[in-house]
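Chemist: Sending over start35.txt (compact mmCIF, C-alpha atoms).
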```txt
# COMPACT_ATOMS: atom_id res chain seq x y z
CA MET A 654 -1.28 12.38 -12.84
CA PRO A 655 -0.49 10.83 -9.46
CA ASN A 656 1.91 7.90 -9.49
CA LEU A 657 1.34 4.49 -7.96
CA ASP A 658 3.15 5.32 -4.72
CA ASP A 659 0.87 8.30 -4.08
CA SER A 660 -2.24 6.19 -4.40
CA LEU A 661 -0.92 3.75 -1.82
CA GLY A 662 -0.64 6.52 0.74
CA VAL A 663 1.16 6.21 4.04
CA HIS A 664 0.97 2.42 4.05
CA VAL A 665 4.19 2.00 2.04
CA LEU A 666 6.25 3.78 4.70
CA ALA A 667 4.31 2.05 7.48
CA LEU A 668 5.17 -1.35 6.00
CA LYS A 669 8.85 -0.46 5.67
CA LEU A 670 8.91 0.88 9.22
CA GLN A 671 7.23 -2.22 10.62
CA ALA A 672 9.67 -4.50 8.77
CA HIS A 673 12.55 -2.43 10.18
CA ARG A 674 11.08 -2.55 13.69
CA GLY A 675 10.81 -6.34 13.36
CA GLU A 676 14.56 -6.43 12.77
CA VAL A 677 15.27 -4.17 15.74
CA LEU A 678 13.14 -6.32 18.05
CA ALA A 679 14.69 -9.53 16.67
CA THR A 680 18.10 -8.05 17.51
CA ASN A 681 16.93 -7.44 21.08
CA MET A 682 15.63 -10.99 21.40
CA ALA A 683 18.83 -12.44 19.93
CA ASN A 684 20.91 -10.52 22.46
CA ALA A 685 18.74 -11.30 25.49
CA ASP A 686 21.72 -13.05 27.12
CA THR A 687 24.54 -10.81 25.87
CA PRO A 688 26.29 -8.93 28.71
CA GLY A 689 26.15 -5.16 28.33
CA PHE A 690 23.68 -5.15 25.45
CA LYS A 691 21.17 -2.28 25.54
CA ALA A 692 17.69 -2.91 24.13
CA ARG A 693 16.74 -0.63 21.19
CA ASP A 694 13.50 0.37 19.54
CA ILE A 695 12.17 2.97 17.12
CA ALA A 696 9.41 5.48 17.86
CA PHE A 697 7.01 4.34 15.15
CA HIS A 698 4.35 7.03 15.70
CA THR A 699 6.87 9.88 15.81
CA VAL A 700 8.42 8.85 12.48
CA LEU A 701 4.99 8.46 10.88
CA GLU A 702 3.84 11.84 12.21
CA GLN A 703 6.98 13.49 10.88
CA TYR A 704 6.30 11.93 7.49
CA GLN A 705 2.67 13.04 7.46
CA SER A 706 3.55 16.60 8.41
CA GLY A 707 5.95 16.39 5.45
CA GLY A 708 9.00 17.38 7.41
CA GLY A 709 11.55 14.56 7.74
CA ASN A 710 13.75 15.50 10.68
CA GLY A 711 13.04 19.22 10.35
CA LEU A 712 16.25 19.95 8.43
CA ARG A 713 16.42 20.86 4.77
CA LEU A 714 19.28 20.47 2.31
CA THR A 715 19.96 23.88 0.80
CA HIS A 716 23.30 23.03 -0.75
CA ASP A 717 24.40 20.00 -2.74
CA ARG A 718 27.35 19.42 -0.40
CA HIS A 719 25.16 19.25 2.70
CA MET A 720 25.00 15.89 4.41
CA SER A 721 21.53 14.43 4.63
CA GLY A 722 21.77 13.62 8.35
CA ALA A 723 19.38 10.76 7.71
CA GLN A 724 19.49 7.90 10.20
CA GLY A 725 19.73 4.28 9.19
CA GLY A 726 16.07 3.31 9.14
CA PRO A 727 13.38 4.09 6.58
CA GLY A 728 11.77 7.54 6.89
CA GLY A 729 14.70 8.68 9.07
CA ALA A 730 13.78 6.27 11.84
CA GLU A 731 16.16 6.80 14.73
CA LEU A 732 17.25 3.90 16.92
CA LEU A 733 16.43 4.81 20.52
CA TYR A 734 17.33 3.08 23.76
CA ARG A 735 14.62 1.43 25.81
CA THR A 736 14.16 2.61 29.40
CA PRO A 737 14.93 -0.49 31.47
CA THR A 738 12.50 -1.58 34.14
CA GLN A 739 14.70 -4.27 35.68
CA PRO A 740 18.26 -3.95 34.40
CA SER A 741 20.42 -6.96 35.19
CA ILE A 742 23.80 -6.84 36.90
CA ASP A 743 25.72 -7.61 33.67
CA GLY A 744 24.44 -4.37 32.08
CA ASN A 745 21.88 -6.04 29.81
CA THR A 746 18.57 -4.15 29.52
CA VAL A 747 16.57 -6.65 27.44
CA ASP A 748 13.29 -7.75 29.02
CA PRO A 749 12.41 -10.88 26.98
CA ASP A 750 8.68 -10.74 27.83
CA ARG A 751 8.42 -7.11 26.77
CA GLU A 752 10.32 -7.77 23.57
CA LYS A 753 8.17 -10.78 22.78
CA SER A 754 4.91 -8.88 23.18
CA ALA A 755 6.31 -5.92 21.22
CA PHE A 756 7.38 -8.28 18.42
CA LEU A 757 3.95 -9.91 18.23
CA GLU A 758 2.24 -6.50 18.32
CA ASN A 759 4.49 -5.37 15.47
CA ALA A 760 3.65 -8.56 13.53
CA MET A 761 -0.08 -7.84 13.93
CA ASN A 762 0.42 -4.24 12.78
CA TYR A 763 2.40 -5.47 9.78
CA GLN A 764 -0.45 -7.79 8.82
CA SER A 765 -2.96 -4.94 9.19
CA THR A 766 -0.86 -2.78 6.89
CA LEU A 767 -0.74 -5.65 4.38
CA THR A 768 -4.54 -5.85 4.51
CA PHE A 769 -4.84 -2.10 3.88
CA LEU A 770 -2.42 -2.35 0.94
CA ASP A 771 -4.35 -5.31 -0.42
CA GLY A 772 -7.50 -3.19 -0.34
CA LYS A 773 -5.73 -0.41 -2.22
CA PHE A 774 -4.57 -2.86 -4.89
CA LYS A 775 -8.09 -4.25 -5.24
CA THR A 776 -9.45 -0.71 -5.70
CA LEU A 777 -6.82 0.01 -8.35
CA LYS A 778 -7.61 -3.24 -10.14
CA THR A 779 -11.30 -2.43 -10.18
CA ALA A 780 -10.53 1.03 -11.55
CA LEU A 781 -8.28 -0.43 -14.27
CA LYS A 782 -10.88 -2.95 -15.34
CA GLY A 783 -13.56 -0.27 -15.42
CA GLY A 784 -15.82 -2.21 -13.11
CA GLN A 785 -16.01 -5.27 -15.37
CA MET B 1210 13.65 -6.86 1.25
CA SER B 1211 15.27 -5.97 4.52
CA MET B 1212 13.28 -8.48 6.54
CA PHE B 1213 15.58 -11.31 5.41
CA LYS B 1214 18.02 -10.04 8.03
CA VAL B 1215 15.72 -11.26 10.79
CA PHE B 1216 16.57 -14.84 9.79
CA ASP B 1217 20.30 -14.13 10.12
CA ILE B 1218 19.81 -12.41 13.48
CA ALA B 1219 17.57 -15.07 15.00
CA GLY B 1220 19.69 -17.82 13.41
CA SER B 1221 22.86 -16.52 15.06
CA ALA B 1222 21.04 -16.43 18.40
CA MET B 1223 19.78 -20.00 17.95
CA SER B 1224 23.28 -21.22 17.13
CA ALA B 1225 24.72 -19.37 20.15
CA GLN B 1226 22.07 -20.78 22.49
CA SER B 1227 22.57 -24.32 21.20
CA LEU B 1228 26.30 -23.95 21.83
CA ARG B 1229 25.44 -22.82 25.36
CA LEU B 1230 23.29 -25.97 25.75
CA ASN B 1231 26.20 -28.10 24.52
CA VAL B 1232 28.56 -26.51 27.03
CA THR B 1233 26.01 -27.06 29.82
CA ALA B 1234 25.63 -30.71 28.79
CA SER B 1235 29.41 -31.12 28.87
CA ASN B 1236 29.58 -29.54 32.35
CA LEU B 1237 26.77 -31.71 33.72
CA ALA B 1238 28.21 -34.86 32.18
CA ASN B 1239 31.57 -34.17 33.80
CA ALA B 1240 30.23 -33.00 37.15
CA GLU B 1241 31.56 -36.16 38.82
CA SER B 1242 34.72 -36.71 36.74
CA VAL B 1243 37.29 -37.04 39.51
CA SER B 1244 41.03 -37.04 38.92
CA SER B 1245 44.23 -37.39 40.91
CA SER B 1246 45.74 -33.93 40.27
CA ILE B 1247 44.56 -30.32 40.02
CA ASP B 1248 45.86 -29.92 36.46
CA GLN B 1249 43.97 -32.88 35.03
CA THR B 1250 40.62 -32.06 36.60
CA TYR B 1251 37.76 -30.88 34.42
CA ARG B 1252 36.78 -27.25 34.94
CA ALA B 1253 33.31 -25.79 34.30
CA ARG B 1254 33.09 -24.02 30.93
CA GLN B 1255 31.02 -21.01 29.95
CA PRO B 1256 30.46 -19.44 26.51
CA VAL B 1257 31.02 -15.68 26.17
CA PHE B 1258 28.36 -13.89 24.13
CA ALA B 1259 28.84 -10.55 22.39
CA ALA B 1260 26.58 -8.50 20.14
CA ALA B 1261 27.58 -8.76 16.48
CA LEU B 1262 26.92 -5.28 15.16
CA GLU B 1263 27.08 -5.01 11.40
CA GLN B 1264 27.60 -1.31 10.98
CA ALA B 1265 29.60 -1.87 7.83
CA LEU B 1266 26.53 -3.18 6.03
CA GLY B 1267 24.71 0.12 6.50
CA GLY B 1268 22.17 -1.50 8.77
CA GLY B 1269 22.79 0.92 11.61
CA GLU B 1270 23.42 -0.98 14.79
CA LEU B 1271 21.48 -4.14 14.16
CA GLY B 1272 22.94 -7.58 14.31
CA GLY B 1273 22.80 -10.98 15.89
CA VAL B 1274 24.91 -12.46 18.60
CA GLU B 1275 28.31 -14.08 18.28
CA VAL B 1276 30.19 -16.42 20.58
CA LYS B 1277 33.54 -14.88 21.45
CA GLY B 1278 34.84 -18.08 22.92
CA VAL B 1279 34.46 -20.60 25.69
CA ILE B 1280 36.18 -19.85 28.99
CA GLU B 1281 37.06 -22.18 31.83
CA SER B 1282 35.87 -21.28 35.30
CA GLN B 1283 38.62 -20.24 37.71
CA ALA B 1284 36.62 -21.19 40.79
CA PRO B 1285 38.57 -23.44 43.23
CA LEU B 1286 38.28 -27.19 42.71
CA GLN B 1287 36.86 -29.44 45.38
CA GLN B 1288 39.43 -31.56 47.16
CA ARG B 1289 38.23 -34.66 48.96
CA TYR B 1290 40.07 -37.08 51.22
CA GLU B 1291 39.34 -40.60 49.93
CA PRO B 1292 42.39 -42.82 50.39
CA GLY B 1293 40.51 -45.89 49.14
CA HIS B 1294 39.72 -44.32 45.76
CA PRO B 1295 41.67 -45.80 42.82
CA LEU B 1296 42.52 -42.29 41.59
CA ALA B 1297 43.65 -40.91 44.95
CA ASP B 1298 47.07 -39.18 44.94
CA ALA B 1299 49.96 -39.95 47.31
CA ASN B 1300 48.28 -38.06 50.17
CA GLY B 1301 44.93 -39.80 49.65
CA TYR B 1302 43.13 -36.87 47.98
CA ILE B 1303 40.95 -36.85 44.87
CA TYR B 1304 39.91 -33.68 42.99
CA LEU B 1305 36.39 -32.95 41.78
CA PRO B 1306 35.42 -30.44 39.04
CA ASN B 1307 34.16 -26.97 40.04
CA VAL B 1308 30.83 -27.61 38.30
CA SER B 1309 27.79 -26.30 40.16
CA VAL B 1310 24.94 -28.59 39.09
CA VAL B 1311 22.27 -26.12 40.27
CA GLU B 1312 23.81 -23.28 38.25
CA GLU B 1313 24.07 -25.51 35.19
CA MET B 1314 20.40 -26.50 35.43
CA ALA B 1315 19.37 -22.82 35.62
CA ASN B 1316 21.65 -22.12 32.66
CA MET B 1317 20.08 -24.94 30.69
CA ILE B 1318 16.53 -23.68 31.26
CA SER B 1319 17.53 -20.12 30.36
CA ALA B 1320 19.20 -21.32 27.14
CA SER B 1321 16.24 -23.42 26.06
CA ARG B 1322 13.79 -20.57 26.73
CA SER B 1323 15.91 -18.14 24.70
CA TYR B 1324 16.14 -20.69 21.88
CA GLN B 1325 12.35 -21.06 21.86
CA SER B 1326 11.83 -17.29 21.71
CA ASN B 1327 14.08 -17.07 18.67
CA VAL B 1328 12.31 -19.95 16.93
CA GLU B 1329 9.09 -18.02 17.48
CA VAL B 1330 10.62 -14.92 15.90
CA VAL B 1331 11.65 -16.93 12.83
CA ASN B 1332 8.21 -18.52 12.52
CA THR B 1333 6.35 -15.22 12.83
CA THR B 1334 8.64 -13.56 10.31
CA LYS B 1335 8.18 -16.44 7.88
CA GLN B 1336 4.40 -16.06 8.07
CA LEU B 1337 4.67 -12.30 7.51
CA MET B 1338 6.85 -12.82 4.45
CA LEU B 1339 4.50 -15.42 2.98
CA LYS B 1340 1.62 -12.99 3.43
CA THR B 1341 3.67 -10.25 1.78
CA LEU B 1342 4.33 -12.52 -1.19
CA SER B 1343 0.63 -13.13 -1.69
CA LEU B 1344 -0.12 -9.39 -1.67
CA GLY B 1345 -2.50 -8.26 -4.42
CA GLU B 1346 -3.70 -11.74 -5.38
```
Would you put the structure from the file into structure tokens?

Modeler:
Amino acid sequence: MPNLDDSLGVHVLALKLQAHRGEVLATNMANADTPGFKARDIAFHTVLEQYQSGGGNGLRLTHDRHMSGAQGGPGGAELLYRTPTQPSIDGNTVDPDREKSAFLENAMNYQSTLTFLDGKFKTLKTALKGGQ
Amino acid sequence: MSMFKVFDIAGSAMSAQSLRLNVTASNLANAESVSSSIDQTYRARQPVFAAALEQALGGGELGGVEVKGVIESQAPLQQRYEPGHPLADANGYIYLPNVSVVEEMANMISASRSYQSNVEVVNTTKQLMLKTLSLGE
């Protein structure tokens, strides 16, 4: 019998990833005026594709003393550096406008994922009640 | 829920930017504070920001911003010959602070914009969390 997580599909990881990306982008915004700070982001689609192809980061643990090699984020999300378009002279690569639009886009995606999850819960509820 | 960290991150940035606004206000207020010697003259102050990376908490390299300190500008002071001034020294000179009003205004606008961006981040995150709480209702 499939468990609850299975019935929710990819949306659980998507929600975690979007929450994590929100943190990353908030860090960028917070450090918009910090000298030498490099803007970071995660490759959302890459992580999700890796998850869907079932492969993590392509490495498998074949011994109990192997290290997992997992990165900090959920689903092995790796923190990457943004390619700067207009780096400033103090070494800061945060573009506030870009970060702002990315943050809002991420917020919209998060809300979409919530809506999908809500639909899943409604379906489960209907199934549990037997259509009554 | 890991999203609570956004409030800490944006909160640290808001506190840092408001400190920057305070420093700017102090500089602008003292832009005309003359004195009779170089040592007593007000010097422009600037906060030093640094990224606060909380690697110890297992959060990778995410964190807010911290203020390392407030430094005084080492730019030369303005010296003006005004023998009639009550604060003039023995040679008739008064000393003015090295505050650049134009720079301070630009600094002020930059700080207030950054503050606004971070308020927006907090507001958006709050809405997302409220929606998450009402999931499945």

Chemist: At a cut-off of 7 Å, using only C-alpha atoms, what residues contact Asp771 in chain A? Leave out same-chain residues fewer than 4 positions from it and give the result as a list of chain:residue names.

Modeler: A:Leu767, A:Lys775, B:Leu1344, B:Gly1345

Chemist: Go ahead and write the residues just picked, C-alpha atoms, as a PDB file, in the frame of the given file.

Modeler:
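Result went into out01.pdb, see below:
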```pdb
ATOM      1  CA  LEU A 767      -0.740  -5.650   4.380  1.00  0.00           C
ATOM      2  CA  LYS A 775      -8.090  -4.250  -5.240  1.00  0.00           C
TER       3      LYS A 775
ATOM      4  CA  LEU B1344      -0.120  -9.390  -1.670  1.00  0.00           C
ATOM      5  CA  GLY B1345      -2.500  -8.260  -4.420  1.00  0.00           C
TER       6      GLY B1345
END
```

Chemist: Just need the residues of chain B within 7 Å of chain A, counting all atoms listed in the file, so spit them out as a list in words.

Modeler: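 Putting it all together, I get Met1212, Lys1214, Val1215, Ile1218, Ala1219, Ala1222, Phe1258, Ala1259, Ala1260, Gly1268, Gly1269, Leu1271, Gly1272, Gly1273, Val1274, Asn1327, Val1330, Leu1337, Thr1341, Leu1344 and Gly1345 of chain B.
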
Chemist: Pick out the residues sitting within 10 Å of Ala1238 in chain B, and hand them over as an MDAnalysis selection string; count all atoms listed in the file, and ignore anything fewer than 6 positions along from it in its own chain.

Modeler: chainID B and resid 1232 1308 1310

Chemist: Report, in Å with one decimal, the straight-line distance from CA of Leu733 in chain A to CA of Ala696 in chain A.

Modeler: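 Result for CA of Leu733 in chain A versus CA of Ala696 in chain A: 7.5 Å, one decimal.
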
Chemist: Using all atoms listed in the file for the distances, tell me which of B:Leu1342, B:Leu1262, B:Ala1240, B:Ile1247 is nearest to Ser1309 in chain B.

Modeler: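 Ranking B:Leu1342, B:Leu1262, B:Ala1240, B:Ile1247 by distance to Ser1309 in chain B, first place goes to B:Ala1240.
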
Chemist: Name the residues in contact with Glu1241 in chain B at a cut-off of 8 Å, using all atoms listed in the file, excluding same-chain residues fewer than 2 positions from it; report them as a list of chain:residue names.

Modeler: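 Once the adjacent positions are removed, what remains is B:Ala1238, B:Asn1239, B:Val1243, B:Leu1305, B:Pro1306.
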
Chemist: Pick from B:Thr1334, B:Ile1303, B:Ser1319, B:Val1279: nearest to Asp1248 in chain B, with all atoms listed in the file counted?

Modeler: B:Ile1303

Chemist: Could you list, as a VMD selection string, every residue within 12 Å of Asn1236 in chain B, counting all atoms listed in the file and ignoring same-chain residues fewer than 4 positions away?

Modeler: chain B and resid 1229 to 1232 1240 to 1242 1251 to 1256 1281 to 1282 1306 to 1314 1316 to 1317

Chemist: What is the CA of Thr715 in chain A to CA of Val665 in chain A distance in Å?

Modeler: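 Pair CA of Thr715 in chain A / CA of Val665 in chain A returns 27.0 Å.
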
Chemist: One decimal, Å: what's the distance from CA of Leu1286 in chain B over to CA of Ala1234 in chain B, could you say?

Modeler: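 Between CA of Leu1286 in chain B and CA of Ala1234 in chain B the gap works out to 19.1 Å.
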
Chemist: Give, as AutoDock Vina command-line options, the centre coordinates and the x, y and z edge lengths in Å to one decimal for an axis-aligned box around all listed atoms of range 1334-1337 of chain B, padded by 3 Å on each side.

Modeler:
```
--center_x 6.5 --center_y -14.4 --center_z 8.9 --size_x 10.2 --size_y 10.1 --size_z 8.8
```

Chemist: Give me the residues within 9 Å of Gln739 in chain A as a count of residues only, counting all atoms listed in the file and dropping any in the same chain fewer than 5 places off.

Modeler: 3
